[in-house]
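Peer 1: Structure file upload_19.cif (mmCIF, C-alpha atoms) is given on the next line.
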```
data_final
loop_
_atom_site.label_atom_id
_atom_site.label_comp_id
_atom_site.auth_asym_id
_atom_site.auth_seq_id
_atom_site.Cartn_x
_atom_site.Cartn_y
_atom_site.Cartn_z
CA MET A 1 86.12 111.78 72.14
CA LYS A 2 87.55 108.28 72.54
CA HIS A 3 90.65 107.71 70.41
CA ARG A 4 91.67 104.40 68.82
CA ILE A 5 95.29 103.37 68.64
CA PRO A 6 96.44 104.10 65.05
CA THR A 7 97.22 101.30 62.58
CA GLY A 8 100.81 102.52 62.30
CA VAL A 9 101.41 101.78 65.97
CA TRP A 10 100.18 98.20 65.48
CA ILE A 11 102.46 97.72 62.46
CA LEU A 12 105.48 99.07 64.32
CA GLY A 13 104.58 96.77 67.20
CA PHE A 14 104.46 93.68 64.99
CA VAL A 15 107.75 94.67 63.32
CA SER A 16 109.30 94.93 66.78
CA MET A 17 107.78 91.58 67.72
CA LEU A 18 109.29 89.76 64.74
CA MET A 19 112.73 91.28 65.25
CA ASP A 20 112.62 90.48 68.95
CA ILE A 21 111.77 86.85 68.19
CA SER A 22 114.91 86.75 66.07
CA SER A 23 117.09 88.64 68.53
CA GLU A 24 116.01 86.66 71.58
CA MET A 25 116.58 83.34 69.80
CA VAL A 26 120.21 84.49 69.74
CA HIS A 27 120.53 86.58 72.90
CA SER A 28 118.85 84.10 75.25
CA LEU A 29 121.57 81.60 74.31
CA LEU A 30 124.49 83.97 73.72
CA PRO A 31 125.76 84.20 77.35
CA LEU A 32 125.78 80.38 77.54
CA PHE A 33 127.44 80.14 74.12
CA MET A 34 130.16 82.55 75.21
CA VAL A 35 130.78 80.76 78.53
CA THR A 36 130.45 77.11 77.47
CA SER A 37 131.62 77.13 73.83
CA LEU A 38 134.11 80.02 73.81
CA GLY A 39 135.32 79.90 77.45
CA ALA A 40 134.41 83.49 78.37
CA SER A 41 134.31 84.82 81.96
CA ALA A 42 131.35 86.66 83.53
CA ALA A 43 133.34 89.90 83.26
CA ALA A 44 133.81 89.30 79.51
CA VAL A 45 130.08 88.59 79.13
CA GLY A 46 129.32 91.82 81.00
CA LEU A 47 131.69 93.77 78.74
CA VAL A 48 130.18 92.36 75.52
CA GLU A 49 126.63 92.93 76.72
CA GLY A 50 127.39 96.36 78.15
CA LEU A 51 129.14 97.51 74.98
CA GLY A 52 126.35 96.13 72.83
CA GLU A 53 123.46 97.66 74.73
CA SER A 54 125.18 100.99 75.36
CA THR A 55 126.14 101.23 71.67
CA ALA A 56 122.49 100.79 70.71
CA LEU A 57 121.41 103.53 73.09
CA ILE A 58 124.20 105.93 72.10
CA VAL A 59 123.60 105.54 68.34
CA LYS A 60 119.97 106.57 68.89
CA VAL A 61 121.00 110.19 69.49
CA PHE A 62 122.35 110.45 65.94
CA SER A 63 119.53 108.57 64.22
CA GLY A 64 116.91 110.55 66.14
CA THR A 65 118.53 113.87 65.28
CA LEU A 66 118.88 112.87 61.61
CA SER A 67 115.21 111.85 61.46
CA ASP A 68 114.23 115.28 62.82
CA TYR A 69 116.42 117.04 60.25
CA VAL A 70 115.29 115.16 57.13
CA GLY A 71 111.69 114.75 58.33
CA LYS A 72 111.72 111.09 57.23
CA ARG A 73 111.92 108.41 59.87
CA LYS A 74 110.81 105.19 58.14
CA TRP A 75 113.89 104.51 56.03
CA LEU A 76 116.24 105.05 58.94
CA ALA A 77 114.20 102.42 60.77
CA VAL A 78 114.47 100.10 57.75
CA LEU A 79 118.26 100.51 57.76
CA GLY A 80 118.40 99.67 61.45
CA TYR A 81 116.22 96.59 61.19
CA GLY A 82 118.21 95.49 58.14
CA MET A 83 121.49 95.63 60.08
CA GLY A 84 119.90 93.53 62.82
CA ALA A 85 118.89 90.91 60.26
CA MET A 86 122.35 90.83 58.66
CA SER A 87 124.10 90.26 62.00
CA LYS A 88 122.37 86.94 62.76
CA PRO A 89 124.43 84.73 60.39
CA VAL A 90 127.63 86.17 61.90
CA PHE A 91 126.70 84.80 65.32
CA ALA A 92 126.18 81.40 63.71
CA MET A 93 129.68 81.45 62.21
CA ALA A 94 131.53 82.98 65.20
CA SER A 95 134.50 81.04 66.56
CA THR A 96 136.08 83.71 68.80
CA MET A 97 134.89 86.33 71.28
CA GLY A 98 136.09 89.04 68.89
CA VAL A 99 133.67 87.87 66.19
CA VAL A 100 130.83 87.65 68.72
CA LEU A 101 131.58 91.20 69.89
CA GLY A 102 131.65 92.45 66.29
CA ALA A 103 128.31 90.82 65.48
CA ARG A 104 126.82 92.12 68.73
CA LEU A 105 127.94 95.67 67.90
CA VAL A 106 126.51 95.51 64.36
CA ASP A 107 123.23 94.19 65.74
CA ARG A 108 123.08 96.86 68.43
CA VAL A 109 124.08 99.68 66.05
CA GLY A 110 121.10 98.60 63.98
CA LYS A 111 118.91 98.71 67.07
CA GLY A 112 120.24 102.19 67.83
CA ILE A 113 119.54 103.44 64.32
CA ARG A 114 115.94 102.22 64.32
CA GLY A 115 114.96 102.94 67.93
CA ALA A 116 114.59 106.72 68.08
CA PRO A 117 112.90 107.13 64.64
CA ARG A 118 110.49 104.31 65.50
CA ASP A 119 109.57 105.81 68.87
CA ALA A 120 109.22 109.24 67.29
CA MET A 121 106.87 107.77 64.65
CA VAL A 122 104.71 106.29 67.41
CA ALA A 123 104.46 109.75 68.97
CA ASP A 124 103.87 111.40 65.56
CA VAL A 125 100.82 109.28 64.72
CA THR A 126 99.24 109.09 68.20
CA PRO A 127 97.04 111.71 69.94
CA GLU A 128 98.57 112.93 73.20
CA GLU A 129 95.59 111.66 75.23
CA ILE A 130 96.44 108.00 74.51
CA ARG A 131 100.20 108.22 74.08
CA GLY A 132 100.95 106.14 77.18
CA ALA A 133 98.64 103.39 75.90
CA ALA A 134 100.25 103.51 72.43
CA PHE A 135 103.79 103.16 73.78
CA GLY A 136 102.58 100.44 76.13
CA LEU A 137 101.00 98.53 73.23
CA ARG A 138 104.13 98.76 71.07
CA GLN A 139 106.26 97.68 74.01
CA SER A 140 103.86 94.84 74.78
CA LEU A 141 104.01 93.47 71.21
CA ASP A 142 107.79 93.87 71.25
CA THR A 143 107.90 91.84 74.45
CA VAL A 144 105.66 89.10 73.03
CA GLY A 145 108.53 88.54 70.62
CA ALA A 146 110.96 88.63 73.52
CA PHE A 147 109.34 85.59 75.14
CA LEU A 148 108.49 83.72 71.92
CA GLY A 149 112.16 83.94 70.88
CA PRO A 150 113.53 82.08 73.93
CA LEU A 151 110.68 79.55 73.68
CA LEU A 152 111.73 78.77 70.11
CA ALA A 153 115.36 78.62 71.24
CA VAL A 154 114.50 76.07 73.95
CA ALA A 155 112.48 73.91 71.53
CA LEU A 156 115.21 73.97 68.89
CA MET A 157 117.95 73.23 71.42
CA LEU A 158 116.00 70.21 72.66
CA VAL A 159 115.30 68.92 69.13
CA TRP A 160 118.84 69.48 67.82
CA VAL A 161 120.71 68.56 71.02
CA ASN A 162 122.17 71.92 72.08
CA ASP A 163 123.21 73.05 68.59
CA PHE A 164 123.71 76.77 69.25
CA ARG A 165 124.77 77.57 65.70
CA LEU A 166 121.70 76.04 64.04
CA VAL A 167 119.42 78.13 66.26
CA PHE A 168 121.38 81.24 65.29
CA TRP A 169 120.92 80.41 61.58
CA LEU A 170 117.16 79.95 61.98
CA ALA A 171 116.93 83.32 63.73
CA VAL A 172 117.48 84.96 60.34
CA ILE A 173 113.92 84.08 59.19
CA PRO A 174 111.83 86.30 61.53
CA ALA A 175 114.38 89.12 61.12
CA VAL A 176 113.85 89.17 57.34
CA LEU A 177 110.07 89.10 57.85
CA ALA A 178 110.32 92.14 60.14
CA VAL A 179 112.18 94.16 57.51
CA ALA A 180 109.66 93.17 54.81
CA LEU A 181 106.66 94.18 56.96
CA LEU A 182 108.18 97.57 57.69
CA VAL A 183 109.04 98.25 54.04
CA PHE A 184 105.70 97.22 52.57
CA GLY A 185 103.27 97.68 55.46
CA LEU A 186 103.95 101.11 56.97
CA ARG A 187 103.05 104.48 55.49
CA GLU A 188 104.96 107.28 57.18
CA PRO A 189 102.87 110.36 58.08
CA PRO A 190 103.79 113.43 56.02
CA ARG A 191 105.92 116.17 57.54
CA PRO A 192 103.66 118.98 58.86
CA ALA A 193 103.33 121.88 56.42
CA GLY A 194 105.32 124.97 57.27
CA VAL A 195 107.89 123.22 59.47
CA ALA A 196 111.33 124.48 58.47
CA ARG A 197 114.27 122.08 58.27
CA THR A 198 116.84 123.07 60.91
CA ASN A 199 119.88 121.46 62.48
CA PRO A 200 118.64 120.05 65.83
CA ILE A 201 122.18 119.80 67.26
CA ARG A 202 122.59 123.58 67.51
CA ARG A 203 122.88 124.80 71.11
CA GLU A 204 119.87 127.10 70.89
CA THR A 205 117.75 124.30 69.42
CA VAL A 206 118.71 121.71 72.03
CA ARG A 207 117.97 124.30 74.73
CA LEU A 208 114.32 124.14 73.64
CA LEU A 209 114.12 120.67 75.16
CA GLY A 210 113.70 122.35 78.53
CA LYS A 211 113.99 121.49 82.21
CA ARG A 212 111.15 118.94 82.25
CA PHE A 213 112.85 116.86 79.56
CA TRP A 214 116.21 116.88 81.34
CA TRP A 215 114.49 115.73 84.53
CA VAL A 216 113.25 112.67 82.64
CA VAL A 217 116.76 112.05 81.21
CA GLY A 218 118.32 112.10 84.68
CA ILE A 219 115.79 109.73 86.19
CA GLY A 220 116.01 107.40 83.16
CA ALA A 221 119.80 107.18 83.57
CA MET A 222 119.46 106.21 87.22
CA PHE A 223 116.93 103.53 86.31
CA THR A 224 119.45 102.13 83.81
CA LEU A 225 122.25 102.11 86.39
CA ALA A 226 119.98 100.12 88.69
CA ARG A 227 119.17 97.52 86.02
CA PHE A 228 122.18 95.87 84.36
CA SER A 229 122.14 93.52 81.36
CA GLU A 230 119.63 90.67 81.42
CA ALA A 231 122.48 88.33 80.46
CA PHE A 232 123.12 88.01 84.21
CA LEU A 233 119.62 86.60 84.70
CA VAL A 234 120.54 83.83 82.27
CA LEU A 235 123.84 83.14 84.06
CA ARG A 236 122.03 83.08 87.42
CA ALA A 237 119.67 80.41 86.11
CA GLN A 238 122.59 78.34 84.80
CA GLY A 239 124.18 78.50 88.26
CA GLY A 240 121.08 76.85 89.69
CA GLY A 241 121.73 73.66 87.74
CA LEU A 242 119.14 73.98 84.94
CA PRO A 243 120.04 72.02 81.76
CA VAL A 244 121.54 74.30 79.13
CA ALA A 245 118.60 73.84 76.75
CA LEU A 246 116.12 75.01 79.42
CA VAL A 247 117.97 78.08 80.69
CA PRO A 248 116.31 80.45 78.17
CA LEU A 249 113.00 79.71 79.92
CA VAL A 250 113.94 82.34 82.50
CA MET A 251 113.77 84.95 79.72
CA VAL A 252 110.44 83.51 78.64
CA ALA A 253 109.12 84.02 82.17
CA MET A 254 110.46 87.57 82.38
CA ASN A 255 109.14 88.63 79.01
CA LEU A 256 105.77 86.95 79.53
CA VAL A 257 105.22 89.14 82.60
CA TYR A 258 106.68 92.14 80.76
CA ALA A 259 104.36 91.67 77.77
CA ALA A 260 101.29 91.13 79.93
CA SER A 261 101.94 94.21 82.07
CA ALA A 262 103.30 96.80 79.60
CA TYR A 263 99.98 97.79 78.00
CA PRO A 264 97.88 97.89 81.22
CA PHE A 265 100.50 99.99 83.01
CA GLY A 266 100.96 102.19 79.91
CA LYS A 267 97.22 102.85 79.90
CA LEU A 268 97.26 103.43 83.66
CA SER A 269 100.04 106.00 83.25
CA ASP A 270 97.66 108.18 81.20
CA ALA A 271 95.47 108.57 84.30
CA MET A 272 97.84 108.63 87.31
CA SER A 273 100.99 110.26 88.66
CA HIS A 274 104.03 109.29 86.63
CA LYS A 275 106.26 109.84 89.62
CA LEU A 276 104.24 107.49 91.80
CA LEU A 277 104.26 104.78 89.11
CA LEU A 278 108.05 105.11 88.72
CA ALA A 279 108.46 104.73 92.48
CA MET A 280 106.29 101.61 92.48
CA GLY A 281 108.42 100.20 89.66
CA LEU A 282 111.60 100.78 91.68
CA LEU A 283 110.15 98.96 94.68
CA VAL A 284 109.41 95.97 92.43
CA LEU A 285 113.00 96.04 91.07
CA ILE A 286 114.40 96.07 94.61
CA ALA A 287 112.28 93.02 95.41
CA ALA A 288 113.50 91.27 92.22
CA ASP A 289 117.17 91.89 93.06
CA LEU A 290 116.78 90.65 96.63
CA VAL A 291 115.02 87.47 95.51
CA LEU A 292 117.71 86.77 92.90
CA ALA A 293 120.47 87.42 95.45
CA VAL A 294 119.10 84.89 97.95
CA SER A 295 119.26 81.70 95.88
CA ALA A 296 120.02 80.27 92.43
CA HIS A 297 117.40 77.53 92.73
CA TRP A 298 115.26 77.57 89.60
CA THR A 299 112.02 78.31 91.49
CA VAL A 300 113.58 81.32 93.20
CA VAL A 301 115.17 82.56 89.96
CA LEU A 302 111.82 82.31 88.16
CA ALA A 303 110.18 84.40 90.89
CA GLY A 304 112.95 87.00 90.64
CA VAL A 305 112.83 87.31 86.87
CA GLY A 306 109.03 87.55 87.02
CA LEU A 307 109.37 90.57 89.31
CA TRP A 308 112.06 91.96 86.98
CA GLY A 309 109.62 91.69 84.06
CA LEU A 310 106.88 93.42 86.07
CA HIS A 311 109.27 96.30 86.78
CA MET A 312 110.00 96.60 83.06
CA GLY A 313 106.30 96.62 82.19
CA MET A 314 105.63 99.35 84.76
CA THR A 315 108.44 101.70 83.74
CA GLN A 316 109.77 101.33 80.17
CA GLY A 317 106.73 102.48 78.21
CA LEU A 318 106.12 105.18 80.82
CA LEU A 319 109.62 106.64 80.41
CA ALA A 320 109.18 106.69 76.61
CA ALA A 321 105.84 108.47 76.96
CA MET A 322 107.41 111.01 79.34
CA VAL A 323 110.14 111.77 76.79
CA ALA A 324 107.48 112.32 74.09
CA ASP A 325 105.36 114.50 76.39
CA THR A 326 108.22 116.77 77.48
CA ALA A 327 109.87 117.34 74.06
CA PRO A 328 108.67 119.65 71.24
CA ALA A 329 107.15 117.68 68.34
CA GLU A 330 109.85 118.83 65.90
CA LEU A 331 112.60 117.60 68.23
CA ARG A 332 111.15 114.24 69.31
CA GLY A 333 113.74 112.20 67.44
CA THR A 334 116.54 114.24 69.00
CA ALA A 335 114.90 113.94 72.43
CA PHE A 336 114.72 110.15 72.23
CA GLY A 337 118.31 110.11 71.00
CA VAL A 338 119.62 112.24 73.88
CA PHE A 339 117.65 110.19 76.40
CA ASN A 340 119.16 106.99 75.06
CA LEU A 341 122.67 108.45 74.80
CA VAL A 342 122.71 109.11 78.53
CA SER A 343 121.07 105.77 79.27
CA GLY A 344 123.65 104.02 77.06
CA VAL A 345 126.57 105.32 79.09
CA ALA A 346 124.79 104.20 82.24
CA MET A 347 124.11 100.74 80.76
CA LEU A 348 127.78 100.20 79.91
CA ALA A 349 128.88 101.19 83.42
CA ALA A 350 126.19 99.03 85.06
CA SER A 351 126.94 95.89 83.04
CA VAL A 352 130.73 96.09 83.38
CA CYS A 353 130.45 96.64 87.15
CA ALA A 354 127.95 93.77 87.40
CA GLY A 355 130.41 91.41 85.69
CA LEU A 356 133.31 92.49 87.90
CA LEU A 357 131.23 92.02 91.06
CA TRP A 358 130.11 88.60 89.80
CA ASP A 359 133.67 87.39 89.20
CA GLY A 360 135.13 89.03 92.32
CA PHE A 361 132.49 88.47 94.98
CA GLY A 362 129.95 86.04 93.54
CA PRO A 363 126.54 86.33 91.83
CA SER A 364 124.66 87.47 94.95
CA SER A 365 126.83 90.61 95.22
CA THR A 366 125.71 91.72 91.75
CA PHE A 367 122.04 91.61 92.70
CA TYR A 368 122.56 93.18 96.15
CA ALA A 369 124.34 96.07 94.40
CA GLY A 370 121.40 96.43 92.00
CA ALA A 371 118.99 96.63 94.96
CA ALA A 372 121.16 99.31 96.62
CA ILE A 373 121.28 101.46 93.48
CA SER A 374 117.50 101.05 93.05
CA ALA A 375 116.97 102.25 96.61
CA ALA A 376 119.22 105.26 95.96
CA THR A 377 117.23 106.05 92.81
CA LEU A 378 114.02 105.90 94.84
CA VAL A 379 115.45 108.46 97.28
CA VAL A 380 116.50 110.77 94.43
CA LEU A 381 113.06 110.44 92.85
CA GLY A 382 111.54 111.69 96.12
CA TRP A 383 113.74 114.80 96.07
CA PHE A 384 112.15 116.14 92.88
CA ARG A 385 109.06 117.54 94.57
CA GLY A 386 109.68 120.87 92.87
CA ASP A 387 109.46 119.10 89.50
CA ALA A 388 106.12 117.45 90.16
CA GLN A 389 104.80 118.66 86.83
CA ALA A 390 107.71 117.08 85.01
CA ALA A 391 107.06 113.86 86.81
CA GLY A 392 103.43 113.80 85.86
CA ALA A 393 102.43 114.08 89.52
#
```
Write out the structure in this file as structure tokens.
Peer 2:
Amino acid sequence: MKHRIPTGVWILGFVSMLMDISSEMVHSLLPLFMVTSLGASAAAVGLVEGLGESTALIVKVFSGTLSDYVGKRKWLAVLGYGMGAMSKPVFAMASTMGVVLGARLVDRVGKGIRGAPRDAMVADVTPEEIRGAAFGLRQSLDTVGAFLGPLLAVALMLVWVNDFRLVFWLAVIPAVLAVALLVFGLREPPRPAGVARTNPIRRETVRLLGKRFWWVVGIGAMFTLARFSEAFLVLRAQGGGLPVALVPLVMVAMNLVYAASAYPFGKLSDAMSHKLLLAMGLLVLIAADLVLAVSAHWTVVLAGVGLWGLHMGMTQGLLAAMVADTAPAELRGTAFGVFNLVSGVAMLAASVCAGLLWDGFGPSSTFYAGAAISAATLVVLGWFRGDAQAAGA
């Protein structure tokens, strides 16, 4: 029987799209705002971005576990999206790096709260046979927002002559729309009858996640180490001499490729070896890093970020589907939380090291290091022949 992607997945995708429009209107300009308006160094940008992204990933472990315990995921997601919406005016009013960091942390805590319950809801409402396609669709819609946001930022910066703060104020509008759509548009599926409420953090409960799940966690962490914050893509474009108002176009290019590739590769992952597709994604990331290391000319940077977006489309929905496939249904929120906790620590380390390399040895060193870690991850991926089942091979 051919399954259709459930309405709830589409709604969650459009909610993600609206919030990403808002977030990327801010985040595509934030590295430039920090460097040009507040005088921050690349290391400081790496610290802010690393702390922000890792905080989002780490918070997911608690929100996912809580959603498993209470059996209600929607209102945790509403809380998370609401925090994201409330952070946008703070960016507009920020006059110091401390305020920017505070707003970034509030925004990313919100992302962490909503992420695991949202992903678990996608898994809850979707038949296993089309789960890769469902996660790919949600990721694709999310990424449509991620390239529309920078496009809006570019247009507004051109019209209002590089007024960062006005763009940040206008970013509030799609964020509020996202929260409203989630509140009024989504009906959460009922908790299955007969499922007892237990504490998922207990040692014997977490042990049920099993070896296959922990294999996915380990590989996901290595992928995160190999791929530092996208803020460095923005800084690389600025180094090539692009006008400030046009720099966010590199994020448009990356997310356009990401959005176009996420659903096709998610659907493909339902029919082919997961391990092989992950390896292909790593090869593409290595190519992206090498291209970005060679030159900061805008044509070269666009090629590099396009490859970066293709890597994201090939791997991000696939890793989410692998977490859902390897975790028991009653522990999916916890599973996504644990996966993101480990990935969050890796993201912080990767982004801080990327900033230090940038300041100490130049931009090219950051991307050469990313290529080296990607190659090491590819080697490790090949060692897991005994876990072929876990890899989907």
Peer 1: Quick one: apply the PyMOL selection byres ((chain A and resi 233) around 9) to the file and drop the selected residues here as a VMD selection string.
Peer 2: chain A and resid 229 to 232 234 to 238 250 to 251 292 301 304 to 305
Peer 1: If you keep C-alpha atoms, can you produce a file of those selected residues as a PDB file, in the coordinates of the input?
Peer 2:
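Dumped everything to result.pdb:
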```pdb
ATOM      1  CA  SER A 229     122.140  93.520  81.360  1.00  0.00           C
ATOM      2  CA  GLU A 230     119.630  90.670  81.420  1.00  0.00           C
ATOM      3  CA  ALA A 231     122.480  88.330  80.460  1.00  0.00           C
ATOM      4  CA  PHE A 232     123.120  88.010  84.210  1.00  0.00           C
ATOM      5  CA  VAL A 234     120.540  83.830  82.270  1.00  0.00           C
ATOM      6  CA  LEU A 235     123.840  83.140  84.060  1.00  0.00           C
ATOM      7  CA  ARG A 236     122.030  83.080  87.420  1.00  0.00           C
ATOM      8  CA  ALA A 237     119.670  80.410  86.110  1.00  0.00           C
ATOM      9  CA  GLN A 238     122.590  78.340  84.800  1.00  0.00           C
ATOM     10  CA  VAL A 250     113.940  82.340  82.500  1.00  0.00           C
ATOM     11  CA  MET A 251     113.770  84.950  79.720  1.00  0.00           C
ATOM     12  CA  LEU A 292     117.710  86.770  92.900  1.00  0.00           C
ATOM     13  CA  VAL A 301     115.170  82.560  89.960  1.00  0.00           C
ATOM     14  CA  GLY A 304     112.950  87.000  90.640  1.00  0.00           C
ATOM     15  CA  VAL A 305     112.830  87.310  86.870  1.00  0.00           C
TER      16      VAL A 305
END
```
Peer 1: Under the rule of at most 9 Å, produce a per-residue listing of region 3-107 of chain A near region 139-162 of chain A: chain, number, name, the closest pair of atoms, and the distance in Å, as CSV, using all atoms listed in the file.
Peer 2:
```
residue,atom,partner,partner_atom,distance
A:Trp10,CA,A:Leu141,CA,8.4
A:Leu12,CA,A:Asp142,CA,9.0
A:Gly13,CA,A:Leu141,CA,5.2
A:Phe14,CA,A:Leu141,CA,6.2
A:Val15,CA,A:Asp142,CA,8.0
A:Ser16,CA,A:Asp142,CA,4.8
A:Met17,CA,A:Asp142,CA,4.2
A:Leu18,CA,A:Gly145,CA,6.1
A:Met19,CA,A:Gly145,CA,7.3
A:Asp20,CA,A:Gly145,CA,4.8
A:Ile21,CA,A:Gly149,CA,4.0
A:Ser22,CA,A:Gly149,CA,6.2
A:Ser23,CA,A:Gly149,CA,7.2
A:Glu24,CA,A:Gly149,CA,4.8
A:Met25,CA,A:Gly149,CA,4.6
A:Val26,CA,A:Ala153,CA,7.8
A:His27,CA,A:Pro150,CA,8.4
A:Ser28,CA,A:Pro150,CA,5.8
A:Leu29,CA,A:Ala153,CA,7.5
```
Peer 1: I'd like to see the residues matched by the PyMOL selection byres ((chain A and resi 50) around 12) on this file, and ideally I'd get them as a PyMOL selection string.
Peer 2: chain A and resi 42-49+51-58+101+104-105+108+224-225+227-232+343-355
Peer 1: Measuring between only C-alpha atoms, which one of A:Ala303, A:Val167, A:Ala376, A:Leu137 shows the shortest distance to Lys88 (chain A)?
Peer 2: A:Val167
Peer 1: Could you list, as a PyMOL selection string, every residue within 12 Å of region 214-219 of chain A, counting all atoms listed in the file and ignoring same-chain residues fewer than 5 positions away?
Peer 2: chain A and resi 206-209+224-226+274-275+278-279+282+315-316+318-327+335-344+346+374+376-392
Peer 1: Where does the PyMOL selection byres ((chain A and resi 70-81) around 8) land in this file, that is, which residues does it pick, as a list in words?
Peer 2: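 Going through the file, the PyMOL selection byres ((chain A and resi 70-81) around 8) ends up selecting Met19, Ser63, Leu66, Ser67, Asp68, Tyr69, Gly82, Met83, Gly84, Ala85, Val109, Gly110, Lys111, Gly112, Ile113, Arg114, Gly115, Pro117, Arg118, Ala120, Met121, Ala175, Ala178, Val179, Leu182, Val183, Glu188, Arg191 and Arg197 of chain A.
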Peer 1: Quick check, in Å to one decimal: how far apart do CA of Val257 (chain A) and CA of Gly281 (chain A) lie?
Peer 2: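 CA of Gly281 (chain A) lies 13.5 Å from CA of Val257 (chain A).
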Peer 1: Measuring atom to atom with only C-alpha atoms, identify which of A:Ser87, A:Leu38, A:Glu129, A:Phe164 is nearest to Val244 (chain A).
Peer 2: A:Phe164
Peer 1: From the list A:Val59, A:Ala180, A:Gly317, A:Ala260, which residue is nearest Gly220 (chain A) when using all atoms listed in the file?
Peer 2: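 Smallest distance to Gly220 (chain A) is found for A:Gly317.
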Peer 1: Could you check which residues have any atom within 7 Å of (129.5, 87.4, 62.9), counting all atoms listed in the file with coordinates taken straight from the file, and then list them as a ChimeraX atom specification?
Peer 2: /A:87,89-94,99-100,102-103
Peer 1: Could you save the residues just selected, with C-alpha atoms, as a PDB file, keeping the file's coordinate frame?
Peer 2:
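Contents of the output file out14.pdb:
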```
ATOM      1  CA  SER A  87     124.100  90.260  62.000  1.00  0.00           C
ATOM      2  CA  PRO A  89     124.430  84.730  60.390  1.00  0.00           C
ATOM      3  CA  VAL A  90     127.630  86.170  61.900  1.00  0.00           C
ATOM      4  CA  PHE A  91     126.700  84.800  65.320  1.00  0.00           C
ATOM      5  CA  ALA A  92     126.180  81.400  63.710  1.00  0.00           C
ATOM      6  CA  MET A  93     129.680  81.450  62.210  1.00  0.00           C
ATOM      7  CA  ALA A  94     131.530  82.980  65.200  1.00  0.00           C
ATOM      8  CA  VAL A  99     133.670  87.870  66.190  1.00  0.00           C
ATOM      9  CA  VAL A 100     130.830  87.650  68.720  1.00  0.00           C
ATOM     10  CA  GLY A 102     131.650  92.450  66.290  1.00  0.00           C
ATOM     11  CA  ALA A 103     128.310  90.820  65.480  1.00  0.00           C
TER      12      ALA A 103
END
```
Peer 1: Give me, please, the distance in Å between CA of Ala116 (chain A) and CA of Thr334 (chain A), quoted to one decimal.
Peer 2: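 According to the coordinates, CA of Ala116 (chain A) and CA of Thr334 (chain A) are separated by 7.8 Å.
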Peer 1: To box region 159-174 of chain A, take all atoms listed in the file, fit an axis-aligned box, add 4 Å on each side, and give centre and edge lengths in Å to one decimal, as JSON.
Peer 2:
```
{"center_x": 118.3, "center_y": 77.4, "center_z": 65.6, "size_x": 20.9, "size_y": 25.7, "size_z": 20.9}
```
Peer 1: Quote the spacing between CA of Ala369 (chain A) and CA of Val291 (chain A) in Å to one decimal place.
Peer 2: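 For CA of Ala369 (chain A) relative to CA of Val291 (chain A), the distance reads 12.7 Å.
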Peer 1: Write out as a PDB file with C-alpha atoms, in the frame of the given file which residues come within 8 Å of Ile130 (chain A) when counting all atoms listed in the file, dropping same-chain ones fewer than 2 positions away.
Peer 2:
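Wrote it out as selection.pdb, contents follow:
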```pdb
ATOM      1  CA  HIS A   3      90.650 107.710  70.410  1.00  0.00           C
ATOM      2  CA  ILE A   5      95.290 103.370  68.640  1.00  0.00           C
ATOM      3  CA  THR A 126      99.240 109.090  68.200  1.00  0.00           C
ATOM      4  CA  PRO A 127      97.040 111.710  69.940  1.00  0.00           C
ATOM      5  CA  GLU A 128      98.570 112.930  73.200  1.00  0.00           C
ATOM      6  CA  GLY A 132     100.950 106.140  77.180  1.00  0.00           C
ATOM      7  CA  ALA A 133      98.640 103.390  75.900  1.00  0.00           C
ATOM      8  CA  ALA A 134     100.250 103.510  72.430  1.00  0.00           C
ATOM      9  CA  LYS A 267      97.220 102.850  79.900  1.00  0.00           C
ATOM     10  CA  ASP A 270      97.660 108.180  81.200  1.00  0.00           C
TER      11      ASP A 270
END
```
Peer 1: Neighbouring residues of region 284-287 of chain A were defined as those with any atom within 6 Å, considering only C-alpha atoms; residues of the same chain fewer than 5 positions away were excluded. Please report them as number ranges by chain.
Peer 2: A: 308, 311, 371
Peer 1: Go through A:Gly98, A:Asp119, A:Ser273, A:Arg138 one by one, measure the shortest atom-to-atom distance of each to Ile11 (chain A) using all atoms listed in the file, and give the residue with the smallest value.
Peer 2: A:Arg138
